[in-house]
$ cat protein16.json   # JSON, C-alpha atoms and all ligand atoms
[["chain", "number", "residue", "atom", "x", "y", "z"],
["A", 1, "MET", "CA", 23.13, -22.65, 38.73],
["A", 2, "GLU", "CA", 24.96, -19.32, 38.95],
["A", 3, "ILE", "CA", 22.97, -16.22, 38.03],
["A", 4, "LEU", "CA", 25.34, -13.55, 36.71],
["A", 5, "LYS", "CA", 23.58, -10.22, 36.71],
["A", 6, "ASN", "CA", 26.21, -7.89, 35.28],
["A", 7, "LYS", "CA", 29.37, -7.79, 33.19],
["A", 8, "THR", "CA", 31.85, -7.64, 36.10],
["A", 9, "THR", "CA", 30.34, -10.71, 37.74],
["A", 10, "LEU", "CA", 30.40, -12.55, 34.42],
["A", 11, "LEU", "CA", 34.01, -11.64, 33.63],
["A", 12, "ASN", "CA", 35.18, -12.82, 37.08],
["A", 13, "TYR", "CA", 33.26, -16.06, 36.69],
["A", 14, "ILE", "CA", 34.70, -16.71, 33.21],
["A", 15, "GLU", "CA", 38.25, -15.95, 34.43],
["A", 16, "ARG", "CA", 37.90, -18.57, 37.20],
["A", 17, "GLN", "CA", 36.57, -21.19, 34.76],
["A", 18, "LYS", "CA", 39.35, -20.50, 32.25],
["A", 19, "GLU", "CA", 41.98, -20.83, 34.99],
["A", 20, "MET", "CA", 40.56, -24.26, 35.80],
["A", 21, "GLY", "CA", 40.88, -25.15, 32.10],
["A", 22, "LYS", "CA", 37.14, -25.65, 31.61],
["A", 23, "LYS", "CA", 35.77, -26.00, 28.09],
["A", 24, "ILE", "CA", 32.82, -23.61, 27.78],
["A", 25, "GLY", "CA", 29.69, -24.20, 25.70],
["A", 26, "PHE", "CA", 27.45, -21.17, 25.19],
["A", 27, "ALA", "CA", 23.86, -20.73, 23.99],
["A", 28, "PRO", "CA", 22.65, -17.12, 23.96],
["A", 29, "THR", "CA", 18.89, -16.42, 24.03],
["A", 30, "MET", "CA", 16.37, -13.63, 24.32],
["A", 31, "GLY", "CA", 14.42, -15.57, 26.96],
["A", 32, "ALA", "CA", 10.86, -16.94, 26.72],
["A", 33, "LEU", "CA", 12.56, -20.30, 26.85],
["A", 34, "HIS", "CA", 11.00, -23.41, 25.35],
["A", 35, "GLU", "CA", 12.00, -26.97, 24.43],
["A", 36, "GLY", "CA", 13.97, -25.67, 21.46],
["A", 37, "HIS", "CA", 16.32, -23.80, 23.80],
["A", 38, "LEU", "CA", 16.57, -26.83, 26.07],
["A", 39, "SER", "CA", 17.77, -28.88, 23.09],
["A", 40, "LEU", "CA", 20.63, -26.37, 22.61],
["A", 41, "TYR", "CA", 21.72, -26.87, 26.23],
["A", 42, "LYS", "CA", 21.55, -30.65, 25.86],
["A", 43, "ALA", "CA", 23.81, -30.49, 22.81],
["A", 44, "ALA", "CA", 26.21, -28.15, 24.65],
["A", 45, "LYS", "CA", 26.26, -30.31, 27.78],
["A", 46, "ASP", "CA", 27.41, -33.36, 25.81],
["A", 47, "GLU", "CA", 30.42, -31.55, 24.33],
["A", 48, "ASN", "CA", 31.70, -29.18, 27.05],
["A", 49, "ASP", "CA", 32.68, -29.05, 30.74],
["A", 50, "LEU", "CA", 30.42, -26.12, 31.41],
["A", 51, "VAL", "CA", 27.26, -24.69, 29.82],
["A", 52, "ILE", "CA", 26.47, -20.98, 29.93],
["A", 53, "SER", "CA", 23.34, -19.33, 28.59],
["A", 54, "SER", "CA", 22.36, -15.68, 28.41],
["A", 55, "ILE", "CA", 19.03, -13.90, 28.44],
["A", 56, "PHE", "CA", 18.92, -10.48, 26.84],
["A", 57, "VAL", "CA", 16.22, -9.00, 24.61],
["A", 58, "ASN", "CA", 18.46, -7.20, 22.16],
["A", 59, "PRO", "CA", 16.83, -3.95, 21.02],
["A", 60, "THR", "CA", 19.08, -3.39, 17.97],
["A", 61, "GLN", "CA", 17.89, -6.50, 16.13],
["A", 62, "PHE", "CA", 14.22, -5.43, 16.07],
["A", 63, "ASP", "CA", 13.26, -3.45, 12.98],
["A", 64, "ASN", "CA", 9.84, -2.82, 14.46],
["A", 65, "SER", "CA", 9.29, -1.20, 17.86],
["A", 66, "ASN", "CA", 5.93, -2.95, 18.24],
["A", 67, "ASP", "CA", 7.62, -6.35, 17.90],
["A", 68, "LEU", "CA", 10.23, -5.36, 20.51],
["A", 69, "GLU", "CA", 7.52, -4.19, 22.91],
["A", 70, "LYS", "CA", 5.47, -7.34, 22.44],
["A", 71, "TYR", "CA", 8.42, -9.71, 22.74],
["A", 72, "PRO", "CA", 7.62, -12.05, 25.66],
["A", 73, "ARG", "CA", 9.61, -11.37, 28.83],
["A", 74, "THR", "CA", 9.28, -14.23, 31.30],
["A", 75, "LEU", "CA", 12.44, -14.10, 33.42],
["A", 76, "GLU", "CA", 11.20, -15.95, 36.52],
["A", 77, "PHE", "CA", 9.72, -18.73, 34.46],
["A", 78, "ASP", "CA", 12.93, -18.89, 32.37],
["A", 79, "LEU", "CA", 15.15, -19.23, 35.44],
["A", 80, "LYS", "CA", 13.00, -22.06, 36.71],
["A", 81, "LYS", "CA", 13.23, -23.82, 33.34],
["A", 82, "LEU", "CA", 17.00, -23.46, 33.35],
["A", 83, "GLU", "CA", 17.29, -24.81, 36.91],
["A", 84, "ASP", "CA", 14.99, -27.73, 36.14],
["A", 85, "SER", "CA", 16.89, -28.64, 32.97],
["A", 86, "LYS", "CA", 20.04, -29.29, 35.04],
["A", 87, "ASP", "CA", 22.03, -28.73, 31.86],
["A", 88, "VAL", "CA", 23.03, -25.12, 32.49],
["A", 89, "ASP", "CA", 25.78, -24.11, 34.93],
["A", 90, "ALA", "CA", 25.41, -20.35, 34.68],
["A", 91, "VAL", "CA", 23.10, -17.80, 33.13],
["A", 92, "TYR", "CA", 24.19, -14.28, 32.21],
["A", 93, "ILE", "CA", 21.46, -11.64, 32.41],
["A", 94, "PRO", "CA", 23.25, -8.46, 31.37],
["A", 95, "GLN", "CA", 21.95, -4.94, 31.79],
["A", 96, "LEU", "CA", 21.64, -2.72, 28.70],
["A", 97, "LYS", "CA", 24.81, -0.80, 29.67],
["A", 98, "ASP", "CA", 26.80, -4.06, 29.92],
["A", 99, "MET", "CA", 26.10, -4.69, 26.26],
["A", 100, "TYR", "CA", 25.86, -1.13, 24.94],
["A", 101, "PRO", "CA", 27.93, 1.21, 27.13],
["A", 102, "ASN", "CA", 27.59, 3.96, 24.49],
["A", 103, "GLY", "CA", 23.90, 3.49, 23.71],
["A", 104, "ALA", "CA", 22.00, 0.85, 21.76],
["A", 105, "GLU", "CA", 23.57, 1.20, 18.31],
["A", 106, "SER", "CA", 24.50, -1.53, 15.85],
["A", 107, "LYS", "CA", 27.86, -1.91, 14.16],
["A", 108, "HIS", "CA", 27.83, -2.51, 10.41],
["A", 109, "TYR", "CA", 29.00, -5.85, 9.08],
["A", 110, "ASP", "CA", 29.81, -7.36, 5.73],
["A", 111, "PHE", "CA", 28.72, -10.99, 5.82],
["A", 112, "ASP", "CA", 29.65, -11.54, 2.15],
["A", 113, "GLY", "CA", 26.08, -10.95, 1.03],
["A", 114, "LEU", "CA", 24.38, -13.45, 3.35],
["A", 115, "GLU", "CA", 22.83, -10.46, 5.14],
["A", 116, "ASN", "CA", 21.06, -9.26, 1.99],
["A", 117, "GLU", "CA", 19.05, -12.42, 1.33],
["A", 118, "MET", "CA", 15.62, -13.36, 2.78],
["A", 119, "GLU", "CA", 15.23, -11.87, 6.27],
["A", 120, "GLY", "CA", 17.78, -9.21, 5.30],
["A", 121, "LYS", "CA", 15.36, -7.92, 2.65],
["A", 122, "TYR", "CA", 12.37, -7.90, 4.95],
["A", 123, "ARG", "CA", 13.95, -6.81, 8.25],
["A", 124, "LYS", "CA", 16.32, -3.91, 7.59],
["A", 125, "GLY", "CA", 19.29, -3.76, 9.98],
["A", 126, "HIS", "CA", 18.28, -7.00, 11.70],
["A", 127, "PHE", "CA", 21.55, -8.84, 11.06],
["A", 128, "ASP", "CA", 23.71, -5.86, 12.04],
["A", 129, "GLY", "CA", 21.86, -5.99, 15.38],
["A", 130, "VAL", "CA", 22.38, -9.75, 15.71],
["A", 131, "GLY", "CA", 26.06, -9.45, 14.74],
["A", 132, "THR", "CA", 26.64, -6.65, 17.25],
["A", 133, "ILE", "CA", 25.13, -8.46, 20.21],
["A", 134, "VAL", "CA", 26.59, -11.88, 19.39],
["A", 135, "GLU", "CA", 30.08, -10.41, 18.88],
["A", 136, "GLU", "CA", 29.87, -8.61, 22.25],
["A", 137, "LEU", "CA", 28.54, -11.73, 24.02],
["A", 138, "PHE", "CA", 31.29, -13.85, 22.47],
["A", 139, "ARG", "CA", 33.96, -11.35, 23.58],
["A", 140, "GLN", "CA", 32.66, -11.34, 27.15],
["A", 141, "VAL", "CA", 31.79, -15.05, 27.57],
["A", 142, "ARG", "CA", 34.76, -16.37, 25.51],
["A", 143, "PRO", "CA", 33.14, -19.76, 24.78],
["A", 144, "ASP", "CA", 34.95, -22.63, 23.08],
["A", 145, "GLN", "CA", 31.75, -23.70, 21.34],
["A", 146, "ALA", "CA", 28.45, -21.94, 20.68],
["A", 147, "TYR", "CA", 25.03, -23.38, 19.84],
["A", 148, "PHE", "CA", 22.24, -21.90, 17.72],
["A", 149, "GLY", "CA", 18.99, -23.36, 16.40],
["A", 150, "GLU", "CA", 18.58, -24.18, 12.73],
["A", 151, "LYS", "CA", 15.14, -22.59, 12.90],
["A", 152, "ASP", "CA", 16.92, -19.29, 12.27],
["A", 153, "PHE", "CA", 19.09, -20.84, 9.60],
["A", 154, "GLN", "CA", 20.17, -17.52, 8.09],
["A", 155, "GLN", "CA", 21.19, -16.24, 11.53],
["A", 156, "LEU", "CA", 23.23, -19.42, 12.06],
["A", 157, "ALA", "CA", 25.02, -18.94, 8.71],
["A", 158, "ILE", "CA", 25.71, -15.30, 9.56],
["A", 159, "ILE", "CA", 27.13, -16.15, 12.99],
["A", 160, "LYS", "CA", 29.43, -18.75, 11.40],
["A", 161, "LYS", "CA", 30.57, -16.02, 8.99],
["A", 162, "LEU", "CA", 31.06, -13.53, 11.85],
["A", 163, "VAL", "CA", 33.32, -15.96, 13.70],
["A", 164, "GLN", "CA", 35.28, -16.69, 10.54],
["A", 165, "LYS", "CA", 35.73, -13.01, 9.63],
["A", 166, "LEU", "CA", 36.70, -11.91, 13.14],
["A", 167, "LYS", "CA", 38.90, -15.01, 13.53],
["A", 168, "LEU", "CA", 37.32, -15.85, 16.90],
["A", 169, "PRO", "CA", 38.44, -19.21, 18.31],
["A", 170, "ILE", "CA", 34.87, -20.50, 18.64],
["A", 171, "LYS", "CA", 33.23, -23.50, 17.00],
["A", 172, "VAL", "CA", 29.63, -22.70, 16.03],
["A", 173, "HIS", "CA", 27.12, -25.56, 15.96],
["A", 174, "GLY", "CA", 23.66, -25.66, 14.41],
["A", 175, "VAL", "CA", 21.08, -27.68, 16.34],
["A", 176, "PRO", "CA", 18.12, -29.21, 14.43],
["A", 177, "ILE", "CA", 14.71, -27.52, 14.72],
["A", 178, "PHE", "CA", 12.71, -28.72, 17.71],
["A", 179, "ARG", "CA", 9.11, -29.45, 16.68],
["A", 180, "ASN", "CA", 6.08, -30.28, 18.79],
["A", 181, "GLU", "CA", 4.26, -33.59, 18.24],
["A", 182, "ASN", "CA", 2.32, -31.98, 15.36],
["A", 183, "GLY", "CA", 5.39, -30.65, 13.62],
["A", 184, "LEU", "CA", 5.11, -27.01, 14.67],
["A", 185, "ALA", "CA", 8.60, -25.50, 15.08],
["A", 186, "LEU", "CA", 8.85, -24.13, 18.59],
["A", 187, "SER", "CA", 9.60, -20.44, 18.92],
["A", 188, "SER", "CA", 9.21, -17.73, 21.53],
["A", 189, "ARG", "CA", 6.86, -15.80, 19.24],
["A", 190, "ASN", "CA", 4.63, -18.87, 18.78],
["A", 191, "GLU", "CA", 3.74, -18.59, 22.45],
["A", 192, "ARG", "CA", 1.46, -15.72, 21.44],
["A", 193, "LEU", "CA", -0.65, -18.00, 19.22],
["A", 194, "THR", "CA", -4.02, -19.26, 20.46],
["A", 195, "SER", "CA", -4.41, -23.05, 20.49],
["A", 196, "HIS", "CA", -6.59, -22.76, 17.36],
["A", 197, "GLN", "CA", -3.86, -20.74, 15.61],
["A", 198, "LYS", "CA", -1.21, -23.27, 16.69],
["A", 199, "LYS", "CA", -3.23, -25.91, 14.85],
["A", 200, "GLU", "CA", -3.40, -23.70, 11.76],
["A", 201, "ALA", "CA", 0.35, -23.02, 11.98],
["A", 202, "GLU", "CA", 1.04, -26.72, 11.46],
["A", 203, "LEU", "CA", 0.47, -25.95, 7.76],
["A", 204, "LEU", "CA", 4.02, -24.58, 7.56],
["A", 205, "ASN", "CA", 5.72, -27.87, 8.36],
["A", 206, "LYS", "CA", 3.18, -29.84, 6.31],
["A", 207, "THR", "CA", 3.95, -27.61, 3.32],
["A", 208, "LEU", "CA", 7.70, -28.04, 3.75],
["A", 209, "ILE", "CA", 7.26, -31.83, 3.81],
["A", 210, "GLN", "CA", 5.26, -31.55, 0.56],
["A", 211, "VAL", "CA", 7.99, -29.40, -0.95],
["A", 212, "ASN", "CA", 10.52, -32.08, -0.08],
["A", 213, "ASP", "CA", 8.38, -34.65, -1.92],
["A", 214, "TRP", "CA", 8.32, -32.37, -4.99],
["A", 215, "PHE", "CA", 12.05, -31.66, -4.84],
["A", 216, "ARG", "CA", 13.78, -32.68, -8.12],
["A", 217, "VAL", "CA", 10.44, -34.12, -9.34],
["A", 218, "ILE", "CA", 8.89, -30.88, -10.60],
["A", 219, "THR", "CA", 10.53, -27.51, -11.36],
["A", 220, "VAL", "CA", 11.30, -24.80, -8.82],
["A", 221, "GLN", "CA", 8.72, -22.57, -10.55],
["A", 222, "GLU", "CA", 6.02, -25.24, -10.20],
["A", 223, "ILE", "CA", 6.86, -25.71, -6.52],
["A", 224, "ASN", "CA", 6.67, -21.94, -5.94],
["A", 225, "GLU", "CA", 3.24, -21.81, -7.61],
["A", 226, "ARG", "CA", 1.92, -24.71, -5.55],
["A", 227, "VAL", "CA", 3.09, -23.18, -2.28],
["A", 228, "LYS", "CA", 1.47, -19.85, -3.16],
["A", 229, "GLU", "CA", -1.78, -21.68, -3.89],
["A", 230, "ILE", "CA", -1.68, -23.54, -0.56],
["A", 231, "PHE", "CA", -1.44, -20.29, 1.38],
["A", 232, "MET", "CA", -3.96, -18.48, -0.80],
["A", 233, "LYS", "CA", -6.50, -21.11, 0.26],
["A", 234, "ALA", "CA", -5.50, -20.96, 3.94],
["A", 235, "ASN", "CA", -7.75, -18.58, 5.82],
["A", 236, "GLY", "CA", -6.06, -15.85, 7.83],
["A", 237, "MET", "CA", -2.55, -16.79, 6.75],
["A", 238, "GLU", "CA", -0.53, -14.42, 4.67],
["A", 239, "LEU", "CA", 2.52, -15.79, 2.88],
["A", 240, "GLU", "CA", 5.35, -13.26, 3.25],
["A", 241, "TYR", "CA", 7.82, -15.31, 1.28],
["A", 242, "PHE", "CA", 8.69, -18.81, 0.19],
["A", 243, "ILE", "CA", 11.99, -19.53, -1.46],
["A", 244, "ILE", "CA", 14.24, -22.45, -2.20],
["A", 245, "ALA", "CA", 17.83, -21.38, -1.69],
["A", 246, "ASP", "CA", 21.34, -22.74, -2.05],
["A", 247, "GLU", "CA", 22.28, -23.73, 1.52],
["A", 248, "LYS", "CA", 25.74, -22.16, 1.24],
["A", 249, "THR", "CA", 25.01, -18.78, -0.36],
["A", 250, "LEU", "CA", 21.34, -18.53, 0.74],
["A", 251, "LYS", "CA", 20.59, -17.21, -2.75],
["A", 252, "GLU", "CA", 17.26, -18.17, -4.25],
["A", 253, "THR", "CA", 17.60, -20.78, -6.96],
["A", 254, "ASP", "CA", 15.51, -21.17, -10.09],
["A", 255, "PHE", "CA", 16.99, -24.52, -11.01],
["A", 256, "PHE", "CA", 18.16, -27.59, -9.07],
["A", 257, "TYR", "CA", 21.83, -28.19, -9.83],
["A", 258, "LYS", "CA", 23.16, -31.69, -9.14],
["A", 259, "ASP", "CA", 26.09, -30.82, -6.88],
["A", 260, "LYS", "CA", 24.36, -28.27, -4.61],
["A", 261, "ASN", "CA", 22.41, -28.54, -1.37],
["A", 262, "TYR", "CA", 19.11, -26.77, -1.07],
["A", 263, "ARG", "CA", 16.81, -25.65, 1.73],
["A", 264, "ALA", "CA", 13.24, -24.35, 1.58],
["A", 265, "PHE", "CA", 12.39, -21.25, 3.63],
["A", 266, "LEU", "CA", 8.90, -20.13, 4.57],
["A", 267, "VAL", "CA", 7.62, -17.02, 6.35],
["A", 268, "VAL", "CA", 3.92, -16.62, 7.06],
["A", 269, "ASN", "CA", 1.97, -14.06, 9.06],
["A", 270, "LEU", "CA", -0.83, -15.42, 11.19],
["A", 271, "GLY", "CA", -2.71, -12.69, 13.05],
["A", 272, "ASP", "CA", 0.09, -10.46, 14.29],
["A", 273, "VAL", "CA", 2.56, -13.32, 14.69],
["A", 274, "ARG", "CA", 5.30, -13.83, 12.12],
["A", 275, "LEU", "CA", 6.05, -17.54, 11.75],
["A", 276, "ILE", "CA", 9.24, -18.80, 10.20],
["A", 277, "ASP", "CA", 10.31, -22.30, 9.29],
["A", 278, "ASN", "CA", 12.71, -24.09, 6.96],
["A", 279, "LYS", "CA", 13.70, -27.54, 5.79],
["A", 280, "HIS", "CA", 16.75, -29.11, 4.19],
["A", 281, "LEU", "CA", 15.65, -30.80, 0.94],
["A", 282, "ASP", "CA", 16.80, -34.34, 0.31],
["A", 301, "LIG", "O1", 18.21, -16.22, 18.29],
["A", 301, "LIG", "C1", 18.12, -15.41, 19.23],
["A", 301, "LIG", "O2", 17.46, -15.65, 20.23],
["A", 301, "LIG", "C2", 18.83, -14.08, 19.12],
["A", 301, "LIG", "O3", 18.83, -13.62, 17.81],
["A", 301, "LIG", "C3", 20.25, -14.10, 19.70],
["A", 301, "LIG", "C4", 21.15, -15.02, 18.90],
["A", 301, "LIG", "C5", 20.21, -14.53, 21.15],
["A", 301, "LIG", "C6", 20.86, -12.70, 19.62],
["A", 301, "LIG", "O4", 20.12, -11.77, 20.33]]

$ encode --input "protein16.json" --output "structure tokens" --more "lines below"
Ligand code: PAF
Amino acid sequence: MEILKNKTTLLNYIERQKEMGKKIGFAPTMGALHEGHLSLYKAAKDENDLVISSIFVNPTQFDNSNDLEKYPRTLEFDLKKLEDSKDVDAVYIPQLKDMYPNGAESKHYDFDGLENEMEGKYRKGHFDGVGTIVEELFRQVRPDQAYFGEKDFQQLAIIKKLVQKLKLPIKVHGVPIFRNENGLALSSRNERLTSHQKKEAELLNKTLIQVNDWFRVITVQEINERVKEIFMKANGMELEYFIIADEKTLKETDFFYKDKNYRAFLVVNLGDVRLIDNKHLD
């Protein structure tokens, strides 16, 4: 596996691959790699000649300096995981100046309102930060296809919109959430949970499964009430939000229309860890 430590090295590498006509699959990350990331590489490997990943903790997408500081940084362990996976041909580990030559500032984007729903309400500026870094990575790596987890479903929708608006020749794929054997959605932040907390966190997936059972059986309002009750009874867990949204617009719905697809979104704070999960309703 090639380790590309700055922009010049990356650009030279990409140029060589393009000359050879290689089809590039790309999965950007912020490191602290887990099975969820490995599933992105697997998907990319199946559909491309070459898989590239990147590791960069992007400062502009954190609305909270404490969260940025606490974000796990495990580079050596990540490189080993990438090597062992055998699915990744090259990893780009840019320096701050490779990504932000004029200082770490976000651009402003109009994602047709997707940016104002859910996480956009709770994490000001987050999606401008994501858009800025993903656009820059796309322009440098020039992938044919890019892979993102459905765990951050809103991010995935926003990146699809970014590609469409900027007319980038990149196909964006969503990869299903990777869950452990007890249903907990894997995430880099979850690594900070104790084993007892990990057990407690299984309540998120269990609740989403319940919501799916209630879907189109009881009203949206009744589902919302039941979810609130579940988390009121759960010790140490604070429900930040639960909504059922139209999968296309990400707008909260108060009624289930026949011809629309819906997804339930859940954000819960457990200790100082913010857990997020979602489920397509069928
Ligand atoms: O999902 C992530 O890990 C990050 O938001 C991303 C897409 C790598 C951008 O920094």

$ residues_near_ligand --input "protein16.json" --ligand "ligand LIG 301 (chain A)" --cutoff "9 Å" --atoms "only C-alpha atoms and all ligand atoms" --output "JSON, numbers by chain"
{"A": [27, 28, 29, 30, 31, 37, 54, 55, 56, 57, 58, 59, 60, 61, 127, 129, 130, 131, 132, 133, 134, 137, 148, 149, 151, 152, 155, 156, 159, 188]}

$ axis_aligned_box --input "protein16.json" --around "region 183-198 of chain A" --padding-each-side "6 Å" --output "lines of an AutoDock Vina configuration file"
center_x = 1.5
center_y = -23.2
center_z = 18.0
size_x = 28.2
size_y = 26.9
size_z = 20.8

$ closest_residue --input "protein16.json" --among "A:Leu168, A:Ile177, A:Val211, A:Leu270" --to "Leu40 (chain A)" --atoms "all atoms listed in the file"
A:Ile177

$ closest_residue --input "protein16.json" --among "A:Asn64, A:Leu75, A:Glu229, A:Ala234" --to "Lys124 (chain A)" --atoms "all atoms listed in the file"
A:Asn64

$ residues_around --input "protein16.json" --residues "Ala264 (chain A)" --least-positions-apart "4" --cutoff "12 Å" --atoms "all atoms listed in the file" --output "VMD selection string"
chain A and resid 118 151 153 to 154 204 to 205 207 to 215 220 223 to 224 227 241 to 247 250 to 253 276 to 282

$ write_last_selection --input "protein16.json" --atoms "C-alpha atoms" --output "PDB file, keeping the file's coordinate frame"
ATOM      1  CA  MET A 118      15.620 -13.360   2.780  1.00  0.00           C
ATOM      2  CA  LYS A 151      15.140 -22.590  12.900  1.00  0.00           C
ATOM      3  CA  PHE A 153      19.090 -20.840   9.600  1.00  0.00           C
ATOM      4  CA  GLN A 154      20.170 -17.520   8.090  1.00  0.00           C
ATOM      5  CA  LEU A 204       4.020 -24.580   7.560  1.00  0.00           C
ATOM      6  CA  ASN A 205       5.720 -27.870   8.360  1.00  0.00           C
ATOM      7  CA  THR A 207       3.950 -27.610   3.320  1.00  0.00           C
ATOM      8  CA  LEU A 208       7.700 -28.040   3.750  1.00  0.00           C
ATOM      9  CA  ILE A 209       7.260 -31.830   3.810  1.00  0.00           C
ATOM     10  CA  GLN A 210       5.260 -31.550   0.560  1.00  0.00           C
ATOM     11  CA  VAL A 211       7.990 -29.400  -0.950  1.00  0.00           C
ATOM     12  CA  ASN A 212      10.520 -32.080  -0.080  1.00  0.00           C
ATOM     13  CA  ASP A 213       8.380 -34.650  -1.920  1.00  0.00           C
ATOM     14  CA  TRP A 214       8.320 -32.370  -4.990  1.00  0.00           C
ATOM     15  CA  PHE A 215      12.050 -31.660  -4.840  1.00  0.00           C
ATOM     16  CA  VAL A 220      11.300 -24.800  -8.820  1.00  0.00           C
ATOM     17  CA  ILE A 223       6.860 -25.710  -6.520  1.00  0.00           C
ATOM     18  CA  ASN A 224       6.670 -21.940  -5.940  1.00  0.00           C
ATOM     19  CA  VAL A 227       3.090 -23.180  -2.280  1.00  0.00           C
ATOM     20  CA  TYR A 241       7.820 -15.310   1.280  1.00  0.00           C
ATOM     21  CA  PHE A 242       8.690 -18.810   0.190  1.00  0.00           C
ATOM     22  CA  ILE A 243      11.990 -19.530  -1.460  1.00  0.00           C
ATOM     23  CA  ILE A 244      14.240 -22.450  -2.200  1.00  0.00           C
ATOM     24  CA  ALA A 245      17.830 -21.380  -1.690  1.00  0.00           C
ATOM     25  CA  ASP A 246      21.340 -22.740  -2.050  1.00  0.00           C
ATOM     26  CA  GLU A 247      22.280 -23.730   1.520  1.00  0.00           C
ATOM     27  CA  LEU A 250      21.340 -18.530   0.740  1.00  0.00           C
ATOM     28  CA  LYS A 251      20.590 -17.210  -2.750  1.00  0.00           C
ATOM     29  CA  GLU A 252      17.260 -18.170  -4.250  1.00  0.00           C
ATOM     30  CA  THR A 253      17.600 -20.780  -6.960  1.00  0.00           C
ATOM     31  CA  ILE A 276       9.240 -18.800  10.200  1.00  0.00           C
ATOM     32  CA  ASP A 277      10.310 -22.300   9.290  1.00  0.00           C
ATOM     33  CA  ASN A 278      12.710 -24.090   6.960  1.00  0.00           C
ATOM     34  CA  LYS A 279      13.700 -27.540   5.790  1.00  0.00           C
ATOM     35  CA  HIS A 280      16.750 -29.110   4.190  1.00  0.00           C
ATOM     36  CA  LEU A 281      15.650 -30.800   0.940  1.00  0.00           C
ATOM     37  CA  ASP A 282      16.800 -34.340   0.310  1.00  0.00           C
TER      38      ASP A 282
END

$ closest_residue --input "protein16.json" --among "A:Ala201, A:Glu83, A:Glu35, A:Gly271" --to "Gly183 (chain A)" --atoms "only C-alpha atoms"
A:Ala201

$ residues_around --input "protein16.json" --residues "Leu114 (chain A)" --least-positions-apart "2" --cutoff "8 Å" --atoms "only C-alpha atoms" --output "PyMOL selection string"
chain A and resi 111-112+116-117+154+157-158+249-250

$ closest_residue --input "protein16.json" --among "A:Val141, A:Leu11, A:Leu275, A:Leu68" --to "Ser187 (chain A)" --atoms "only C-alpha atoms"
A:Leu275

$ closest_residue --input "protein16.json" --among "A:His108, A:Asn66, A:Asp78, A:Phe26" --to "Val273 (chain A)" --atoms "all atoms listed in the file"
A:Asn66
